[in-house]
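Text of structure-v2.txt (compact mmCIF, C-alpha atoms) as supplied:
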```txt
# COMPACT_ATOMS: atom_id res chain seq x y z
CA MET E 1 72.69 64.20 59.17
CA ASN E 2 70.81 67.33 59.92
CA ASN E 3 67.22 66.66 60.73
CA ASN E 4 66.15 70.05 59.44
CA ILE E 5 66.99 68.96 55.91
CA ASN E 6 63.65 67.34 54.68
CA LEU E 7 62.56 67.56 51.10
CA ILE E 8 59.00 66.30 51.76
CA SER E 9 57.09 68.89 53.71
CA ASN E 10 55.02 67.64 56.74
CA GLN E 11 52.73 70.58 56.26
CA ASN E 12 51.49 69.26 52.86
CA VAL E 13 50.44 65.90 54.36
CA GLY E 14 48.42 67.73 57.01
CA LEU E 15 46.86 69.97 54.40
CA GLU E 16 45.82 66.97 52.27
CA LYS E 17 44.33 65.34 55.31
CA GLU E 18 42.38 68.47 56.07
CA LEU E 19 41.21 68.84 52.47
CA ARG E 20 39.99 65.23 52.54
CA ARG E 21 38.11 65.87 55.77
CA LEU E 22 36.62 69.02 54.28
CA LYS E 23 35.56 67.05 51.26
CA GLN E 24 33.91 64.43 53.45
CA VAL E 25 32.06 67.09 55.36
CA ARG E 26 30.89 68.71 52.13
CA ILE E 27 29.72 65.38 50.72
CA THR E 28 27.90 64.61 53.99
CA SER E 29 26.21 67.99 53.91
CA ILE E 30 25.14 67.47 50.29
CA ILE E 31 23.77 64.01 51.11
CA CYS E 32 21.92 65.46 54.09
CA LEU E 33 20.51 68.22 51.93
CA VAL E 34 19.38 65.80 49.22
CA VAL E 35 17.88 63.31 51.67
CA VAL E 36 16.05 65.97 53.64
CA SER E 37 14.80 67.60 50.45
CA LEU E 38 13.58 64.29 49.06
CA MET E 39 11.91 63.38 52.34
CA SER E 40 10.21 66.76 52.51
CA ILE E 41 8.97 66.51 48.93
CA LEU E 42 7.82 62.91 49.45
CA ILE E 43 5.86 63.75 52.58
CA PHE E 44 4.44 66.85 50.94
CA VAL E 45 3.26 64.77 47.99
CA LEU E 46 1.88 62.07 50.28
CA ASN E 47 -0.04 64.66 52.26
CA LEU E 48 -1.25 66.20 49.04
CA THR E 49 -2.44 62.90 47.56
CA LEU E 50 -4.63 61.97 50.58
CA PRO E 51 -8.20 62.34 49.25
CA LEU E 52 -9.46 63.90 52.48
CA ASP E 53 -11.06 66.85 50.77
CA SER E 54 -12.88 64.75 48.19
CA VAL E 55 -14.17 62.43 50.94
CA LYS E 56 -15.46 65.43 52.90
CA LYS E 57 -17.04 66.78 49.75
CA ASP E 58 -18.76 63.42 49.21
CA GLN E 59 -19.92 63.49 52.81
CA ASN E 60 -21.41 66.94 52.41
CA THR E 61 -23.19 65.88 49.24
CA THR E 62 -24.58 62.73 50.86
CA ALA E 63 -25.56 64.64 54.02
CA ALA E 64 -27.38 67.18 51.85
CA ASN E 65 -29.23 64.33 50.14
CA ILE E 66 -30.13 62.78 53.49
CA ALA E 67 -31.40 66.14 54.73
CA LEU E 68 -34.13 65.83 52.13
CA LEU E 69 -35.13 62.51 53.71
CA HIS E 70 -35.18 63.68 57.33
CA GLN E 71 -38.92 63.24 57.53
CA LYS E 72 -38.51 59.57 56.64
CA LEU E 73 -35.67 59.23 59.12
CA ILE E 74 -37.75 60.71 61.96
CA THR E 75 -40.68 58.44 61.09
CA TYR E 76 -38.38 55.45 61.06
CA ASN E 77 -36.82 56.44 64.40
CA LEU E 78 -40.29 56.79 65.93
CA ILE E 79 -41.24 53.36 64.57
CA THR E 80 -38.09 51.89 66.12
CA ASP E 81 -38.91 53.56 69.43
CA ARG E 82 -42.50 52.27 69.44
CA VAL E 83 -41.41 48.76 68.45
CA ARG E 84 -38.83 48.64 71.23
CA ASN E 85 -41.34 49.80 73.84
CA ILE E 86 -44.20 47.59 72.67
CA SER E 87 -41.85 44.63 72.57
CA GLY E 88 -40.81 45.41 76.16
CA ILE E 89 -44.42 45.69 77.32
CA ILE E 90 -45.49 42.47 75.62
CA SER E 91 -42.54 40.56 77.03
CA GLN E 92 -43.07 41.79 80.59
CA ARG E 93 -46.85 41.76 80.87
CA GLU E 94 -48.56 38.84 82.49
CA ASP E 95 -50.85 36.86 80.22
CA TYR E 96 -53.01 34.46 82.21
CA THR E 97 -55.45 33.79 79.41
CA THR E 98 -53.56 30.77 78.04
CA GLN E 99 -53.49 29.06 81.43
CA LEU E 100 -57.13 29.94 82.09
CA SER E 101 -58.20 28.60 78.71
CA GLN E 102 -56.40 25.33 79.39
CA ILE E 103 -57.97 24.98 82.85
CA LEU E 104 -61.43 25.84 81.53
CA GLY E 105 -60.93 23.48 78.61
CA LYS E 106 -60.36 20.60 81.01
CA LEU E 107 -63.56 21.15 82.97
CA PRO E 108 -65.41 17.82 82.84
CA ALA E 109 -69.05 17.77 81.75
CA GLY E 110 -71.35 18.76 84.57
CA VAL E 111 -68.71 20.82 86.36
CA SER E 112 -69.06 24.59 86.35
CA MET E 113 -66.61 27.24 87.46
CA ASP E 114 -68.47 29.49 89.86
CA GLY E 115 -65.64 31.61 91.13
CA LEU E 116 -62.24 32.67 89.90
CA GLN E 117 -59.68 35.08 91.21
CA ILE E 118 -56.31 35.89 89.72
CA ASP E 119 -53.98 38.26 91.46
CA THR E 120 -50.20 38.63 91.52
CA GLY E 121 -49.46 35.24 90.03
CA LYS E 122 -51.96 33.30 92.13
CA ILE E 123 -55.18 31.75 90.99
CA THR E 124 -58.02 30.78 93.28
CA PHE E 125 -61.03 29.07 91.83
CA SER E 126 -64.15 27.29 92.95
CA VAL E 127 -65.99 24.69 90.90
CA SER E 128 -69.23 22.93 91.61
CA SER E 129 -70.94 19.80 90.39
CA THR E 130 -73.64 17.41 91.44
CA SER E 131 -71.33 14.53 90.65
CA LEU E 132 -68.45 13.70 92.92
CA VAL E 133 -66.90 11.66 90.08
CA SER E 134 -66.70 14.77 87.90
CA ILE E 135 -65.18 16.73 90.77
CA ASN E 136 -62.63 13.95 91.17
CA GLN E 137 -61.82 14.06 87.45
CA PHE E 138 -61.20 17.80 87.72
CA ILE E 139 -58.95 17.32 90.74
CA ASP E 140 -57.00 14.68 88.80
CA THR E 141 -56.55 17.10 85.91
CA MET E 142 -55.33 19.86 88.21
CA VAL E 143 -52.94 17.49 89.95
CA SER E 144 -51.67 16.45 86.52
CA PHE E 145 -51.12 20.12 85.55
CA ASN E 146 -49.36 20.70 88.85
CA SER E 147 -47.03 17.71 88.43
CA GLN E 148 -46.22 18.70 84.84
CA GLY E 149 -45.30 22.18 86.12
CA LYS E 150 -46.41 23.89 82.91
CA ILE E 151 -49.54 25.76 83.87
CA ILE E 152 -49.80 25.82 87.63
CA ASN E 153 -47.70 24.92 90.65
CA ASN E 154 -48.12 24.78 94.42
CA LEU E 155 -51.64 23.43 94.07
CA VAL E 156 -53.59 23.57 97.33
CA MET E 157 -57.07 22.16 97.82
CA GLN E 158 -58.70 24.63 100.18
CA GLY E 159 -61.93 22.77 100.71
CA LEU E 160 -64.58 20.42 99.41
CA SER E 161 -68.10 20.92 100.71
CA LEU E 162 -71.59 19.70 99.97
CA ASP E 163 -74.52 22.04 99.73
CA THR E 164 -77.43 19.82 100.73
CA SER E 165 -80.05 22.29 99.53
CA SER E 166 -78.80 22.27 95.95
CA GLY E 167 -77.11 18.88 96.13
CA LYS E 168 -73.88 20.35 94.71
CA TYR E 169 -70.33 19.68 95.72
CA ASP E 170 -68.19 22.82 95.94
CA LEU E 171 -64.44 22.56 95.47
CA ASN E 172 -62.06 25.45 96.27
CA MET E 173 -58.48 25.34 95.04
CA GLN E 174 -55.51 27.67 94.97
CA ALA E 175 -52.38 27.49 92.86
CA GLY E 176 -49.59 29.58 91.51
CA ILE E 177 -49.76 30.43 87.80
CA LEU E 178 -46.70 29.69 85.72
CA MET I 1 46.33 96.33 84.80
CA GLU I 2 44.05 97.86 82.23
CA VAL I 3 46.67 97.52 79.55
CA ASP I 4 47.08 93.85 80.40
CA SER I 5 43.41 93.03 80.11
CA LYS I 6 43.17 94.80 76.75
CA LYS I 7 46.12 92.85 75.53
CA LYS I 8 44.56 89.60 76.68
CA PHE I 9 41.34 90.45 74.92
CA ASN I 10 43.14 91.30 71.73
CA LEU I 11 44.99 88.05 71.96
CA GLU I 12 41.79 86.05 72.36
CA PHE I 13 40.14 87.88 69.50
CA ASN I 14 43.14 87.18 67.35
CA ASN I 15 42.91 83.50 68.28
CA LEU I 16 39.29 83.40 67.30
CA LEU I 17 40.09 85.15 64.04
CA ILE I 18 42.77 82.59 63.32
CA LEU I 19 40.42 79.76 64.15
CA TYR I 20 37.71 81.27 61.94
CA ARG I 21 40.06 81.63 59.02
CA HIS I 22 41.30 78.12 59.56
CA TYR I 23 37.82 76.49 59.67
CA LYS I 24 36.06 78.93 57.37
CA ASP I 25 35.54 76.30 54.69
CA TYR I 26 33.73 74.01 57.17
CA SER I 27 31.17 76.60 58.13
CA LEU I 28 28.90 76.20 55.11
CA PRO I 29 28.67 72.36 55.05
CA LEU I 30 28.31 72.21 58.82
CA GLY I 31 25.64 74.90 58.62
CA VAL I 32 23.82 72.88 55.97
CA ILE I 33 24.01 69.71 58.11
CA LEU I 34 22.71 71.65 61.12
CA ALA I 35 19.93 73.15 59.02
CA CYS I 36 19.04 69.69 57.73
CA ILE I 37 18.82 68.35 61.28
CA LEU I 38 16.64 71.29 62.26
CA VAL I 39 14.43 70.75 59.20
CA ILE I 40 14.09 67.07 60.09
CA PHE I 41 12.96 67.87 63.63
CA TRP I 42 10.88 70.95 62.86
CA VAL I 43 9.40 70.08 59.49
CA VAL I 44 9.86 66.49 58.32
CA ILE I 45 8.85 64.68 61.53
CA PRO I 46 5.79 66.91 62.18
CA GLN I 47 4.78 66.56 58.55
CA PHE I 48 5.10 62.80 58.78
CA GLN I 49 3.04 62.78 61.97
CA GLN I 50 0.48 64.92 60.22
CA TYR I 51 0.45 62.43 57.38
CA LEU I 52 -0.22 59.59 59.80
CA ASN I 53 -2.96 61.62 61.50
CA SER I 54 -4.45 62.50 58.14
CA GLN I 55 -4.45 58.86 57.18
CA GLN I 56 -6.26 58.02 60.41
CA GLU I 57 -8.73 60.81 59.81
CA LEU I 58 -9.24 59.65 56.26
CA LYS I 59 -10.09 56.20 57.57
CA THR I 60 -12.60 57.70 60.02
CA GLN I 61 -14.09 59.95 57.37
CA MET I 62 -14.36 57.04 54.94
CA GLN I 63 -16.28 55.06 57.56
CA LYS I 64 -18.51 58.07 58.18
CA LEU I 65 -19.10 58.41 54.46
CA GLU I 66 -19.91 54.72 54.24
CA VAL I 67 -22.48 55.11 57.04
CA LEU I 68 -23.97 58.16 55.33
CA LYS I 69 -24.24 56.33 52.02
CA THR I 70 -25.80 53.28 53.71
CA ASN I 71 -28.27 55.54 55.53
CA TYR I 72 -29.09 57.36 52.32
CA ASN I 73 -29.66 54.15 50.39
CA PHE I 74 -31.80 52.77 53.20
CA LEU I 75 -33.91 55.92 53.47
CA SER I 76 -34.26 56.21 49.70
CA ASN I 77 -35.67 52.70 49.52
CA LEU I 78 -37.99 53.20 52.51
CA ASP I 79 -41.64 53.24 51.57
CA SER I 80 -43.09 56.43 53.04
CA ALA I 81 -46.68 55.26 52.92
CA GLN I 82 -45.85 51.96 54.60
CA SER I 83 -43.80 53.74 57.27
CA SER I 84 -46.64 56.13 58.02
CA ALA I 85 -49.10 53.25 58.24
CA ASN I 86 -46.78 51.33 60.55
CA LEU I 87 -46.25 54.37 62.76
CA THR I 88 -50.00 54.95 62.95
CA SER I 89 -50.74 51.37 64.01
CA LEU I 90 -47.84 51.36 66.46
CA THR I 91 -48.94 54.67 67.96
CA LEU I 92 -52.44 53.32 68.37
CA ALA I 93 -50.94 50.30 70.13
CA LEU I 94 -48.76 52.46 72.35
CA PRO I 95 -50.03 56.04 72.47
CA SER I 96 -47.72 58.88 73.35
CA GLY I 97 -50.13 60.15 76.00
CA LYS I 98 -53.15 59.19 78.08
CA ASP I 99 -55.45 58.01 75.31
CA PHE I 100 -58.82 57.75 77.11
CA ALA I 101 -60.74 57.40 73.86
CA GLY I 102 -58.47 54.56 72.78
CA MET I 103 -58.97 52.80 76.10
CA MET I 104 -62.74 53.15 75.85
CA ASP I 105 -62.62 51.86 72.31
CA ALA I 106 -60.55 48.86 73.35
CA VAL I 107 -62.90 47.90 76.19
CA SER I 108 -65.89 48.53 73.98
CA PHE I 109 -64.48 46.43 71.16
CA ALA I 110 -63.55 43.49 73.40
CA SER I 111 -66.94 43.70 75.07
CA ALA I 112 -68.83 43.76 71.78
CA LYS I 113 -66.83 40.89 70.38
CA THR I 114 -67.19 38.59 73.40
CA GLY I 115 -70.67 39.52 74.53
CA VAL I 116 -69.48 40.63 77.94
CA SER I 117 -71.32 43.62 79.34
CA VAL I 118 -69.38 46.38 80.99
CA GLY I 119 -70.67 47.85 84.22
CA ASP I 120 -69.16 50.43 86.54
CA PHE I 121 -65.62 51.41 85.91
CA GLN I 122 -63.12 53.63 87.55
CA PHE I 123 -59.99 55.30 86.22
CA ALA I 124 -56.85 56.02 88.17
CA LEU I 125 -55.64 58.87 86.03
CA GLY I 126 -52.57 59.74 88.04
CA SER I 127 -50.93 63.10 87.64
CA LEU I 128 -52.67 65.39 85.18
CA SER I 129 -49.64 67.64 84.94
CA GLY I 130 -48.22 65.43 82.24
CA ALA I 131 -45.85 63.53 84.48
CA ASP I 132 -45.65 59.80 83.74
CA SER I 133 -47.35 57.49 86.18
CA THR I 134 -46.01 53.99 86.44
CA GLN I 135 -47.97 51.22 88.10
CA GLY I 136 -46.37 48.44 90.09
CA THR I 137 -43.01 47.23 88.90
CA SER I 138 -43.56 48.24 85.28
CA ALA I 139 -41.09 50.60 83.68
CA TYR I 140 -43.79 51.98 81.40
CA PRO I 141 -46.33 54.62 82.38
CA SER I 142 -49.90 53.39 82.43
CA ILE I 143 -53.46 54.24 83.36
CA LYS I 144 -55.22 51.85 85.70
CA ILE I 145 -58.86 51.05 85.17
CA ASP I 146 -61.02 48.91 87.45
CA ILE I 147 -63.96 47.60 85.51
CA ASN I 148 -66.99 45.50 86.37
CA LEU I 149 -68.12 42.95 83.82
CA ALA I 150 -71.09 40.69 83.47
CA GLY I 151 -70.54 37.31 81.90
CA ASP I 152 -69.57 33.75 82.65
CA THR I 153 -65.99 32.66 83.23
CA GLN I 154 -65.50 31.57 79.60
CA SER I 155 -66.63 34.97 78.33
CA ILE I 156 -64.42 36.80 80.79
CA VAL I 157 -61.39 34.83 79.61
CA LYS I 158 -62.32 35.55 75.99
CA PHE I 159 -62.71 39.22 76.90
CA ALA I 160 -59.20 39.20 78.36
CA GLN I 161 -57.83 37.45 75.25
CA GLU I 162 -59.53 39.96 72.99
CA LEU I 163 -58.27 42.90 75.03
CA TYR I 164 -54.71 41.64 74.60
CA LYS I 165 -55.23 41.77 70.82
CA THR I 166 -56.62 45.28 70.93
CA ALA I 167 -54.84 48.60 70.84
CA PRO I 168 -53.75 50.31 73.06
CA ALA I 169 -51.48 47.77 74.72
CA SER I 170 -52.83 46.69 78.07
CA GLU I 171 -52.13 44.32 80.91
CA ILE I 172 -54.70 42.62 83.07
CA THR I 173 -53.34 42.52 86.59
CA SER I 174 -56.27 40.93 88.35
CA ILE I 175 -59.46 39.08 87.51
CA LYS I 176 -62.25 38.26 89.94
CA VAL I 177 -65.22 36.18 88.84
CA ASN I 178 -68.00 35.46 91.27
CA GLY I 179 -71.07 33.90 89.78
CA GLY I 180 -72.31 36.09 86.94
CA SER I 181 -70.43 39.24 87.90
CA SER I 182 -66.75 39.91 87.51
CA SER I 183 -64.25 42.63 88.00
CA MET I 184 -61.00 43.23 86.27
CA THR I 185 -58.05 45.57 86.78
CA ILE I 186 -56.47 46.68 83.55
CA LEU I 187 -53.39 48.79 82.93
CA PHE I 188 -53.36 50.68 79.64
CA TYR I 189 -49.84 51.60 78.68
CA TYR I 190 -48.60 54.73 76.99
CA LYS I 191 -45.19 56.18 76.38
CA PRO I 192 -44.26 59.71 75.31
CA PHE I 193 -42.21 60.00 72.16
CA ILE I 194 -38.52 60.58 72.65
CA SER I 195 -37.14 63.87 71.41
CA GLN I 196 -35.66 63.43 67.97
CA ASN I 197 -32.05 64.48 67.61
CA VAL I 198 -31.36 63.73 63.98
CA ASP I 199 -27.77 62.68 63.52
CA ASP I 200 -27.07 61.56 59.97
CA SER I 201 -23.71 60.11 60.87
CA GLN I 202 -25.25 57.56 63.22
CA PRO I 203 -25.94 54.24 61.50
CA ILE I 204 -29.65 53.48 61.23
CA THR I 205 -30.63 50.41 63.20
CA ILE I 206 -32.46 48.17 60.81
CA LEU I 207 -35.48 46.45 62.33
CA SER I 208 -34.94 42.75 62.86
CA SER I 209 -37.28 40.09 61.49
CA GLN I 210 -38.75 39.79 65.01
CA ASP I 211 -39.47 43.52 65.02
CA GLN I 212 -41.03 43.26 61.57
CA ALA I 213 -43.20 40.39 62.81
CA LEU I 214 -44.21 42.49 65.81
CA ILE I 215 -45.23 45.37 63.53
CA LYS I 216 -47.35 43.00 61.45
CA ASN I 217 -48.87 41.54 64.59
CA VAL I 218 -49.67 44.98 66.04
CA ALA I 219 -51.12 46.09 62.71
CA SER I 220 -53.54 43.18 62.95
CA TRP I 221 -54.69 44.25 66.43
CA ASN I 222 -58.16 45.64 66.84
CA SER I 223 -58.02 49.38 67.03
CA SER I 224 -60.22 52.42 66.75
CA ALA I 225 -59.08 52.70 63.13
CA ASN I 226 -61.04 49.59 62.18
CA GLN I 227 -63.95 49.78 64.61
CA SER I 228 -66.43 51.68 62.50
CA GLN I 229 -69.24 49.47 63.76
CA LEU I 230 -68.63 50.58 67.32
CA PRO I 231 -70.13 53.62 69.07
CA SER I 232 -68.36 56.91 68.44
CA ILE I 233 -65.59 58.00 70.72
CA SER I 234 -67.52 61.02 71.93
CA SER I 235 -70.42 58.87 73.04
CA LEU I 236 -68.01 56.58 74.85
CA LEU I 237 -66.41 59.52 76.60
CA SER I 238 -69.79 60.81 77.77
CA GLY I 239 -70.39 57.32 79.16
CA ALA I 240 -67.04 57.43 80.89
CA SER I 241 -67.71 60.79 82.47
CA SER I 242 -70.84 59.44 84.04
CA GLN I 243 -68.57 56.87 85.75
CA ALA I 244 -71.37 54.32 85.55
CA GLY I 245 -72.85 51.83 83.18
CA SER I 246 -75.49 49.19 83.21
CA LEU I 247 -75.03 45.45 83.20
CA GLY I 248 -77.35 44.96 80.31
CA SER I 249 -76.95 42.64 77.38
CA ASN I 250 -76.55 45.28 74.66
CA SER I 251 -73.43 45.08 72.53
CA SER I 252 -72.30 48.58 73.50
CA PRO I 253 -71.30 48.56 77.12
CA PHE I 254 -71.54 52.30 77.63
```
Would you kindly transcribe this structure into structure tokens?
Amino acid sequence: MNNNINLISNQNVGLEKELRRLKQVRITSIICLVVVSLMSILIFVLNLTLPLDSVKKDQNTTAANIALLHQKLITYNLITDRVRNISGIISQREDYTTQLSQILGKLPAGVSMDGLQIDTGKITFSVSSTSLVSINQFIDTMVSFNSQGKIINNLVMQGLSLDTSSGKYDLNMQAGIL
Amino acid sequence: MEVDSKKKFNLEFNNLLILYRHYKDYSLPLGVILACILVIFWVVIPQFQQYLNSQQELKTQMQKLEVLKTNYNFLSNLDSAQSSANLTSLTLALPSGKDFAGMMDAVSFASAKTGVSVGDFQFALGSLSGADSTQGTSAYPSIKIDINLAGDTQSIVKFAQELYKTAPASEITSIKVNGGSSSMTILFYYKPFISQNVDDSQPITILSSQDQALIKNVASWNSSANQSQLPSISSLLSGASSQAGSLGSNSSPF
């Protein structure tokens, strides 16, 4: 049989194949077009719906209102500044008055404080009395303060002397103030 | 040779023409797909990034607006008169400059209240060019005053206690008591005001309860504002300029 005799043309099959491919390409392009268009519109709408402008407008309005209260704001800032500084000063400054009051409050009857010196966290004091018992009571109190470690520490008795002319005992002590 | 090259060119052109005619129908859809890809990269993705950025900015701006509204509400409800009174008492407690009159008033007030007489005194003014002078380890500028007092130990301690409750803020760095005479070194603090850069978008720091208590405490301090019974400031300053006082028993030390 002659091979050239063929009623079904091979060219038609190829053409159909090509038409199908063309159709697929066209459909793909349309899908791409639709998807891209929808995405663009969606993003455009999303960008448009963000209330950035209205928020900025609100900000401007509120800022304009605050501008009328700047005097108050400055006053308040100055108050804050003063409070911070005063607080710092009060917390860092040495206040020996509490310790002194407690020491003076424990002076037994008949004992007087003749000398006192406070400098850089150290206290030196001299007391006098005609009674050695009272002096002893005072020493006991100071030793008690020292052992408690609340008011003074490093207590040193510098000297105990008797002034025969006045008949008074003089006691000199030194301690660190807590 | 020339004829050959022309022929070759014509052949190639013909081939291209054939190819074009053959794939002509593909050109439009492929062009659309290419355009879509370009639009995605050049428009859609940047727009989406812009959307994300805008969302982030919106969040930031919303926070800023919230701060502004909070600040506005706070300032609207702030009592102007009370604020001014607080600032006045706080400024008396910590002056912005070297407040000699305030210092004199404080010493005078403590002296009058405790019965301690003030004798000689000496200022260490520091630089008069306006530069801050700090004493010792303190971070705050101060004026040092050495003062002689007459009174027993109890009175001197009371004087110190009273001085600590009197404006301007002070610190006693040394006390010497010897018999009936005493000397004291006092630092009177001051602090210049900071320059005010008003920024509405910064949240206002609300004073804590401790700060409020401190304001109340400072307002209760003795100050020149409530010392009408004391000698006038001018008379105190004339006493100060003489750099000397007497150890008498009068209530006014100067």
Discussion item. Counting all atoms listed in the file, find residues at most 6 Å from (-61.1, 26.0, 93.4) (file frame) and give them as JSON, numbers by chain.
Written reply: {"E": [124, 125, 126, 127, 171, 172, 173]}
Quick one: residues within 12 Å of Ser134 of chain E, all atoms listed in the file counted, chain neighbours fewer than 2 positions away excluded, as number ranges by chain?
E: 106-112, 127-132, 136-141, 168-171
- Got a sec to pull out which chain E residues are within 7 Å of chain I, counting all atoms listed in the file, and send them as an MDAnalysis selection string? chainID E and resid 22 25:26 29 32:33 36 40 43 47 52 55 59 62:63 66 69 72:76 79 82:83 86 93:94 97 100 113:119
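Atom pair atom CA of Gly105 of chain E / atom CA of Ser155 of chain I: separated by 12.8 Å.
Here atom CA of Ala110 of chain I and atom CA of Thr166 of chain I stand 7.6 Å from one another.
Of the listed residues (I:Ser108, I:Ser208, I:Gln122, I:Gln202), I:Ser108 comes nearest to Ser223 of chain I; the distances count all atoms listed in the file.
Minimum atom-to-atom distances from I:Ile186, I:Val118, I:Ile18, I:Ala219 to Leu92 of chain I were compared using all atoms listed in the file, and the lowest value belongs to I:Ala219.
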Nearest to Ala106 of chain I, restricted to only C-alpha atoms and choosing among I:Tyr20, I:Phe188, I:Phe123, I:Phe41, comes out as I:Phe188
Pairwise distance, atom CA of Ala175 of chain E with atom CA of Ser142 of chain I, equals 28.0 Å
